[in-house]
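Peer 1: Sharing run-v4.txt, compact mmCIF, C-alpha atoms:
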# COMPACT_ATOMS: atom_id res chain seq x y z
CA MET A 1 141.53 122.81 -143.11
CA TYR A 2 142.92 120.70 -140.28
CA ARG A 3 144.04 123.88 -138.52
CA ARG A 4 140.58 125.38 -138.93
CA PHE A 5 138.99 122.19 -137.60
CA ALA A 6 141.44 122.15 -134.66
CA ALA A 7 140.76 125.81 -133.88
CA GLY A 8 137.01 125.11 -133.83
CA LEU A 9 137.29 122.36 -131.21
CA GLN A 10 136.28 123.43 -127.71
CA PRO A 11 137.59 122.35 -124.29
CA ASP A 12 136.17 118.97 -123.28
CA ASP A 13 135.30 118.08 -126.89
CA HIS A 14 136.15 114.42 -127.50
CA VAL A 15 137.56 113.16 -130.80
CA LEU A 16 137.43 109.38 -131.22
CA THR A 17 139.64 108.32 -134.09
CA PHE A 18 140.81 105.07 -135.63
CA ASN A 19 143.53 106.82 -137.66
CA TYR A 20 147.19 106.13 -136.94
CA ASP A 21 148.51 109.49 -138.21
CA VAL A 22 149.45 112.58 -136.16
CA LEU A 23 147.81 115.28 -138.30
CA LEU A 24 145.26 116.33 -135.71
CA GLU A 25 147.79 116.57 -132.87
CA ARG A 26 150.04 118.75 -135.02
CA ALA A 27 147.13 120.94 -136.09
CA LEU A 28 146.17 121.47 -132.45
CA ASP A 29 149.78 122.31 -131.58
CA SER A 30 149.97 124.78 -134.45
CA VAL A 31 146.90 126.73 -133.29
CA GLY A 32 147.89 126.57 -129.62
CA LYS A 33 144.95 124.43 -128.54
CA PRO A 34 145.62 122.34 -125.39
CA PHE A 35 144.82 118.64 -125.70
CA ARG A 36 145.50 115.30 -124.10
CA LEU A 37 145.62 111.79 -125.53
CA PHE A 38 144.09 109.88 -122.61
CA PRO A 39 140.63 109.91 -121.00
CA GLN A 40 141.21 111.43 -117.54
CA ARG A 41 143.81 113.35 -115.61
CA PHE A 42 144.07 112.50 -111.92
CA GLN A 43 145.00 114.69 -108.97
CA ASN A 44 145.93 111.68 -106.88
CA VAL A 45 145.37 107.95 -106.86
CA ARG A 46 144.88 105.51 -104.02
CA PRO A 47 144.19 101.77 -104.10
CA GLY A 48 140.93 101.38 -105.99
CA LEU A 49 140.21 105.12 -106.07
CA ALA A 50 141.31 108.10 -108.15
CA GLU A 51 140.44 111.79 -107.86
CA VAL A 52 139.85 113.33 -111.28
CA ASP A 53 141.66 116.59 -112.08
CA THR A 54 139.20 119.00 -113.73
CA SER A 55 141.41 122.07 -113.50
CA ARG A 56 142.66 121.92 -117.09
CA LYS A 57 140.43 122.58 -120.08
CA GLU A 58 141.59 120.44 -123.00
CA VAL A 59 140.40 118.74 -126.14
CA VAL A 60 140.45 114.96 -125.60
CA ILE A 61 141.72 112.79 -128.45
CA LEU A 62 141.32 109.04 -128.03
CA LYS A 63 143.21 107.10 -130.70
CA LEU A 64 141.38 103.81 -130.40
CA HIS A 65 143.81 101.94 -132.65
CA GLY A 66 147.07 103.48 -131.43
CA SER A 67 149.40 105.75 -133.37
CA ILE A 68 152.56 105.72 -135.49
CA ASP A 69 154.35 107.82 -132.86
CA TRP A 70 153.53 105.58 -129.86
CA PHE A 71 156.09 103.13 -128.49
CA ASP A 72 155.76 100.84 -125.48
CA ARG A 73 158.71 100.98 -123.05
CA ALA A 74 157.80 97.88 -121.02
CA GLN A 75 160.22 95.47 -122.70
CA TYR A 76 163.01 98.05 -122.72
CA ARG A 77 162.52 98.57 -118.98
CA GLU A 78 163.07 94.83 -118.48
CA ARG A 79 166.26 95.01 -120.56
CA GLU A 80 167.52 97.90 -118.43
CA ALA A 81 166.89 95.82 -115.31
CA ALA A 82 168.88 92.96 -116.85
CA PHE A 83 171.77 95.28 -117.78
CA ALA A 84 172.11 96.79 -114.30
CA PRO A 85 173.55 93.72 -112.46
CA GLN A 86 176.25 93.42 -115.14
CA GLY A 87 177.79 96.71 -114.06
CA SER A 88 177.43 98.28 -117.49
CA ARG A 89 177.17 102.07 -117.56
CA SER A 90 175.77 102.09 -121.07
CA ARG A 91 172.10 101.78 -121.84
CA PRO A 92 170.74 98.85 -123.83
CA PRO A 93 170.54 99.75 -127.52
CA HIS A 94 167.15 100.77 -128.84
CA PRO A 95 166.10 103.06 -131.71
CA VAL A 96 163.71 105.02 -129.47
CA PHE A 97 164.46 104.61 -125.79
CA ALA A 98 168.24 104.90 -126.06
CA ASN A 99 167.73 108.18 -127.94
CA THR A 100 165.03 109.92 -125.93
CA ALA A 101 166.68 113.35 -125.94
CA SER A 102 167.36 113.53 -129.68
CA LEU A 103 163.87 112.25 -130.55
CA ASP A 104 162.00 114.24 -127.87
CA VAL A 105 160.36 111.15 -126.37
CA VAL A 106 157.65 111.98 -123.80
CA PRO A 107 155.19 109.87 -121.78
CA LEU A 108 151.74 109.56 -123.31
CA VAL A 109 149.98 110.13 -119.97
CA GLU A 110 150.74 112.81 -117.39
CA GLY A 111 150.24 113.11 -113.66
CA PRO A 112 149.49 110.42 -111.06
CA ARG A 113 148.47 107.03 -112.42
CA PHE A 114 147.70 103.64 -110.95
CA PRO A 115 150.75 101.34 -110.77
CA THR A 116 148.96 98.81 -113.00
CA ASP A 117 148.01 101.37 -115.66
CA PRO A 118 149.36 99.91 -118.96
CA LEU A 119 149.63 103.41 -120.43
CA ARG A 120 152.41 104.30 -117.98
CA ASP A 121 154.87 102.59 -120.33
CA MET A 122 153.51 104.23 -123.50
CA HIS A 123 155.59 107.07 -124.94
CA ARG A 124 155.29 109.49 -127.88
CA VAL A 125 158.10 110.35 -130.27
CA ARG A 126 157.64 114.06 -130.97
CA LYS A 127 160.46 114.27 -133.55
CA LEU A 128 158.84 111.56 -135.61
CA GLU A 129 160.52 112.32 -138.94
CA ASP A 130 163.94 111.92 -137.32
CA LEU A 131 163.00 108.42 -136.23
CA TYR A 132 161.47 107.29 -139.51
CA ARG A 133 164.52 108.44 -141.46
CA ARG A 134 166.44 105.73 -139.65
CA SER A 135 166.30 102.04 -140.53
CA PHE A 136 164.65 100.87 -137.33
CA LEU A 137 162.21 98.30 -138.73
CA PHE A 138 162.30 94.95 -136.91
CA LEU A 139 164.23 96.65 -134.08
CA CYS A 140 161.03 98.16 -132.70
CA THR A 141 157.52 98.88 -133.91
CA PRO A 142 154.95 101.58 -133.15
CA TRP A 143 152.00 100.51 -131.03
CA LEU A 144 149.14 99.86 -133.44
CA LEU A 145 145.93 97.88 -132.95
CA SER A 146 144.79 95.96 -135.99
CA PRO A 147 141.14 96.66 -136.94
CA SER A 148 140.03 93.04 -136.72
CA SER A 149 137.26 91.14 -135.01
CA MET A 150 139.89 89.59 -132.70
CA LYS A 151 141.50 92.81 -131.50
CA MET A 152 140.04 92.74 -127.99
CA LEU A 153 142.24 89.73 -127.27
CA TYR A 154 145.29 92.02 -127.32
CA ALA A 155 143.75 95.45 -126.70
CA SER A 156 144.14 95.59 -122.93
CA THR A 157 146.67 98.43 -123.23
CA LEU A 158 143.89 100.74 -124.43
CA ARG A 159 141.11 99.36 -122.23
CA ASP A 160 140.41 102.76 -120.64
CA PHE A 161 139.85 104.29 -124.09
CA TRP A 162 137.02 101.88 -124.80
CA TYR A 163 135.56 101.63 -121.30
CA GLY A 164 132.14 103.27 -121.04
CA LEU A 165 131.72 104.11 -124.73
CA GLY A 166 128.61 101.96 -124.86
CA ASP A 167 126.91 104.43 -122.51
CA ALA A 168 128.11 107.57 -124.31
CA GLY A 169 125.81 109.81 -126.31
CA ALA A 170 122.90 110.14 -123.90
CA LEU A 171 124.16 113.41 -122.41
CA ASN A 172 126.17 114.64 -125.39
CA PHE A 173 124.61 117.54 -127.25
CA ASP A 174 126.58 117.39 -130.51
CA LEU A 175 127.84 114.41 -132.46
CA ALA A 176 129.56 114.14 -135.83
CA ILE A 177 130.95 111.22 -137.85
CA ILE A 178 133.63 112.20 -140.34
CA GLY A 179 134.68 109.83 -143.12
CA PHE A 180 134.43 106.60 -141.15
CA SER A 181 134.02 103.56 -143.37
CA LEU A 182 132.57 101.43 -140.54
CA PRO A 183 134.42 98.28 -141.70
CA ARG A 184 132.29 95.16 -141.53
CA GLN A 185 135.05 93.04 -140.00
CA ASP A 186 135.48 95.35 -136.99
CA ASP A 187 132.64 94.20 -134.76
CA TYR A 188 133.82 96.25 -131.79
CA ALA A 189 133.89 99.54 -133.70
CA ARG A 190 130.41 98.83 -135.05
CA GLN A 191 129.07 98.07 -131.56
CA VAL A 192 130.54 101.27 -130.12
CA LEU A 193 129.23 103.46 -132.94
CA TYR A 194 125.83 101.78 -132.84
CA ARG A 195 125.47 102.46 -129.11
CA LEU A 196 126.85 105.99 -129.37
CA VAL A 197 124.51 107.01 -132.20
CA THR A 198 121.47 105.21 -130.77
CA ASN A 199 121.96 106.78 -127.35
CA TYR A 200 122.44 110.18 -128.93
CA GLN A 201 119.35 110.03 -131.13
CA THR A 202 116.99 108.54 -128.54
CA ALA A 203 117.92 109.57 -124.99
CA ASN A 204 116.89 113.12 -124.08
CA TRP A 205 116.00 114.02 -127.66
CA ASN A 206 114.00 117.27 -127.94
CA LYS A 207 114.57 117.95 -124.25
CA ASP A 208 116.24 120.92 -122.61
CA ILE A 209 119.03 119.66 -120.36
CA PHE A 210 121.04 122.29 -118.49
CA GLY A 211 119.72 124.79 -121.02
CA LEU A 212 121.07 122.77 -123.94
CA ARG A 213 119.27 120.83 -126.66
CA LYS A 214 120.68 118.19 -129.00
CA ARG A 215 121.35 119.05 -132.61
CA PRO A 216 121.04 116.62 -135.52
CA LEU A 217 123.82 114.09 -135.96
CA ILE A 218 126.22 115.30 -138.67
CA LEU A 219 127.58 112.65 -141.02
CA VAL A 220 130.34 113.75 -143.41
CA ASP A 221 131.50 111.37 -146.13
CA ARG A 222 132.43 111.34 -149.80
CA ARG A 223 129.78 109.62 -151.92
CA HIS A 224 128.89 110.63 -155.48
CA THR A 225 126.56 108.05 -157.00
CA ALA A 226 123.17 106.75 -155.94
CA GLU A 227 124.74 103.33 -155.45
CA GLU A 228 127.38 104.75 -153.09
CA LEU A 229 124.75 106.59 -151.08
CA ALA A 230 122.60 103.47 -150.85
CA GLU A 231 125.57 101.44 -149.64
CA LEU A 232 126.30 104.04 -146.94
CA ARG A 233 122.69 103.90 -145.72
CA ILE A 234 122.85 100.12 -145.54
CA ARG A 235 126.10 100.22 -143.59
CA TYR A 236 124.69 102.85 -141.23
CA ALA A 237 121.27 101.22 -140.99
CA PHE A 238 121.01 102.04 -137.28
CA VAL A 239 121.02 105.82 -137.94
CA ASP A 240 117.75 107.74 -137.66
CA TRP A 241 118.05 109.78 -140.85
CA ALA A 242 115.27 112.16 -139.78
CA LYS A 243 117.61 113.29 -136.98
CA THR A 244 120.71 113.44 -139.19
CA GLN A 245 122.28 116.07 -141.42
CA THR A 246 124.48 114.57 -144.15
CA TYR A 247 127.21 116.14 -146.26
CA MET A 248 128.54 113.92 -149.04
CA SER A 249 131.21 116.06 -150.73
CA GLY A 250 134.00 115.09 -148.37
CA PHE A 251 135.96 116.99 -145.73
CA ASP A 252 136.06 120.51 -147.18
CA ASP A 253 135.29 124.09 -146.13
CA ASN A 254 131.53 123.54 -146.35
CA ALA A 255 131.84 120.48 -144.13
CA LEU A 256 133.80 122.55 -141.65
CA ASP A 257 131.03 125.15 -141.60
CA LEU A 258 128.70 122.38 -140.39
CA LEU A 259 131.18 120.86 -137.94
CA ILE A 260 132.43 124.02 -136.29
CA GLY A 261 128.86 124.96 -135.58
CA THR A 262 128.40 121.74 -133.56
With the file now loaded, output its structure as C-alpha cells.

Peer 2:
Amino acid sequence: MYRRFAAGLQPDDHVLTFNYDVLLERALDSVGKPFRLFPQRFQNVRPGLAEVDTSRKEVVILKLHGSIDWFDRAQYREREAAFAPQGSRSRPPHPVFANTASLDVVPLVEGPRFPTDPLRDMHRVRKLEDLYRRSFLFLCTPWLLSPSSMKMLYASTLRDFWYGLGDAGALNFDLAIIGFSLPRQDDYARQVLYRLVTNYQTANWNKDIFGLRKRPLILVDRRHTAEELAELRIRYAFVDWAKTQTYMSGFDDNALDLLIGT
C-alpha cells in the first residue's frame, strides 16, 4: 500500500510528516519517484538572496520531527579540525562519519546553500540496517525533535521546514490528513494544522483559480465506536465538516482510492 500511495503522488506534492521512520522514502525509491527532503532547491545563492531551482519535478517530504536516518555532522567537523594540527592521518572515530562509504552516508540537502544553513551538516544514512546492527548508542544519536510544547527552543535546525506553514492552504487545491493524532501537548503542530485547514477551507473556496477548484478535505483515521468518533471531532474542532470527507477504517485500499484521487 505504501508503494501504491507513493506511485500516486505527483511532482510538487508536499507530504508533511511527524513520523521518524523511512517507509515513505523507501516506497518512493522502489517505484522510481523522484523526491527531496528539504523545501527548496537553489540554483545559486548570494548574501540575503537565493534563486530557486524549478527545473526538477519532485515530491517534497518535510519530516518536521527529524528522522531515524538523519545525523548531524557539526560536532564531528569540529573534532576533525582538532585532529588536524596533531598531524594524525586517521579520522576521529565515529559510528557514522568515520564509516561514510560502508554506510552510504549522503548530505540531506543538495546544491548551493547559504553558509549559515543548519541543514548543510545534516546527513542521511542510506544503509540504515547496517548501522543499527552495531552497538552505537551513546556514541551518536539520530536527529529527532521531541513532540513537546517546548520544541521550538531547540528546533532551529528545521526552521525552514516550519517557515510559512501558517500561510499554507489558501492556494492548495487538495489536502488530506492521514492518521494524525494531533497530540494535545504539541501546541506548534496544532497551530500549523489549524492554520493549514482553516486557510484551505475558507480562502478561495468554490472559486476557479487557474482552472482548478478545491476538493473537500480528506481525513483518514481509524475510529470504530461513537465515543472514538466524538473524541476525534472534539480534537479537530476547527474542521468544517461540511467541507470534509472522512474515512474511519484506517489506511487501506479504500483510503488510497480517496487519496490518489486528490

Peer 1: What are the nearest atom pairs, with distances in Å to one decimal, for all residues of stretch 73-185 of chain A that come at most 7 Å from stretch 201-223 of chain A, using only C-alpha atoms, set out by chain and rising residue number as a tab-separated table?

Peer 2:
residue	atom	partner	partner_atom	distance
A:Ala170	CA	A:Ala203	CA	5.1
A:Phe173	CA	A:Lys214	CA	4.4
A:Asp174	CA	A:Arg215	CA	5.9
A:Leu175	CA	A:Leu217	CA	5.3
A:Ala176	CA	A:Ile218	CA	4.5
A:Ile177	CA	A:Leu219	CA	4.8
A:Ile178	CA	A:Val220	CA	4.8
A:Gly179	CA	A:Asp221	CA	4.6

Peer 1: Quick one, how far is atom CA of A:Ala7 from atom CA of A:Asp130?

Peer 2: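 So the two atoms, atom CA of A:Ala7 and atom CA of A:Asp130, lie 27.2 Å apart.
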
Peer 1: Quick one: everything within 8 Å of A:Asp72, counting only C-alpha atoms, minus sequence neighbours fewer than 5 positions away in the same chain. Send it as an NGL selection string.

Peer 2: :A and (121-123 or 142-143)

Peer 1: Please determine, counting all atoms listed in the file, which residue among A:Gln86, A:Ser67, A:Thr141, A:Thr116 has the shortest atom-to-atom distance to A:Asn19.

Peer 2: A:Ser67

Peer 1: What is the distance between atom CA of A:Val59 and atom CA of A:Leu37, in Å to one decimal?

Peer 2: 8.7 Å

Peer 1: By how many Å are atom CA of A:Leu171 and atom CA of A:Tyr20 apart?

Peer 2: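 Between these atoms lies a distance of 28.2 Å.
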
Peer 1: Which one is closest to A:Asp29: A:Pro107, A:Pro92, A:Lys57, A:Arg126? Count all atoms listed in the file.

Peer 2: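 Counting all atoms listed in the file, the residue closest to A:Asp29 is A:Arg126.
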
Peer 1: Which residues are near A:Arg36? Cut-off 7 Å, only C-alpha atoms, ignore same chain within fewer than 3 positions. Put them as a ChimeraX atom specification.

Peer 2: /A:58-61

Peer 1: Keeping only C-alpha atoms, take the residues you just selected and write them out as a PDB file, keeping the file's coordinate frame.

Peer 2:
ATOM      1  CA  GLU A  58     141.590 120.440-123.000  1.00  0.00           C
ATOM      2  CA  VAL A  59     140.400 118.740-126.140  1.00  0.00           C
ATOM      3  CA  VAL A  60     140.450 114.960-125.600  1.00  0.00           C
ATOM      4  CA  ILE A  61     141.720 112.790-128.450  1.00  0.00           C
TER       5      ILE A  61
END

Peer 1: Could you check which of A:Ala84, A:Val106, A:Val45, A:Ala6 is closest to A:Ser30, using only C-alpha atoms?

Peer 2: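 So, comparing all the options, the nearest one is A:Ala6.
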
Peer 1: Excluding A:Asp104 and its own-chain neighbours fewer than 2 positions away, which residues fall within 12 Å of it when counting all atoms listed in the file? Please give them as a list in words.

Peer 2: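 Once the nearby chain positions are removed, what remains is Asp69, Val96, Phe97, Ala98, Asn99, Thr100, Ala101, Ser102, Val106, Pro107, His123, Arg124, Val125, Arg126, Lys127, Leu128, Glu129, Asp130 and Leu131 of chain A.
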
Peer 1: Using all atoms listed in the file, can you tell me which of A:Asn172, A:Asn199, A:Ser181, A:Ser149 comes closest to A:Tyr236?

Peer 2: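 Residue with the minimum atom-to-atom distance to A:Tyr236: A:Ser181.
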
Peer 1: Do a neighbour search on A:Gly66 at 10 Å with only C-alpha atoms, toss out local chain neighbours closer than 5 positions, and write the hits as a PyMOL selection string.

Peer 2: chain A and resi 17-21+71+142-146+155+157-158
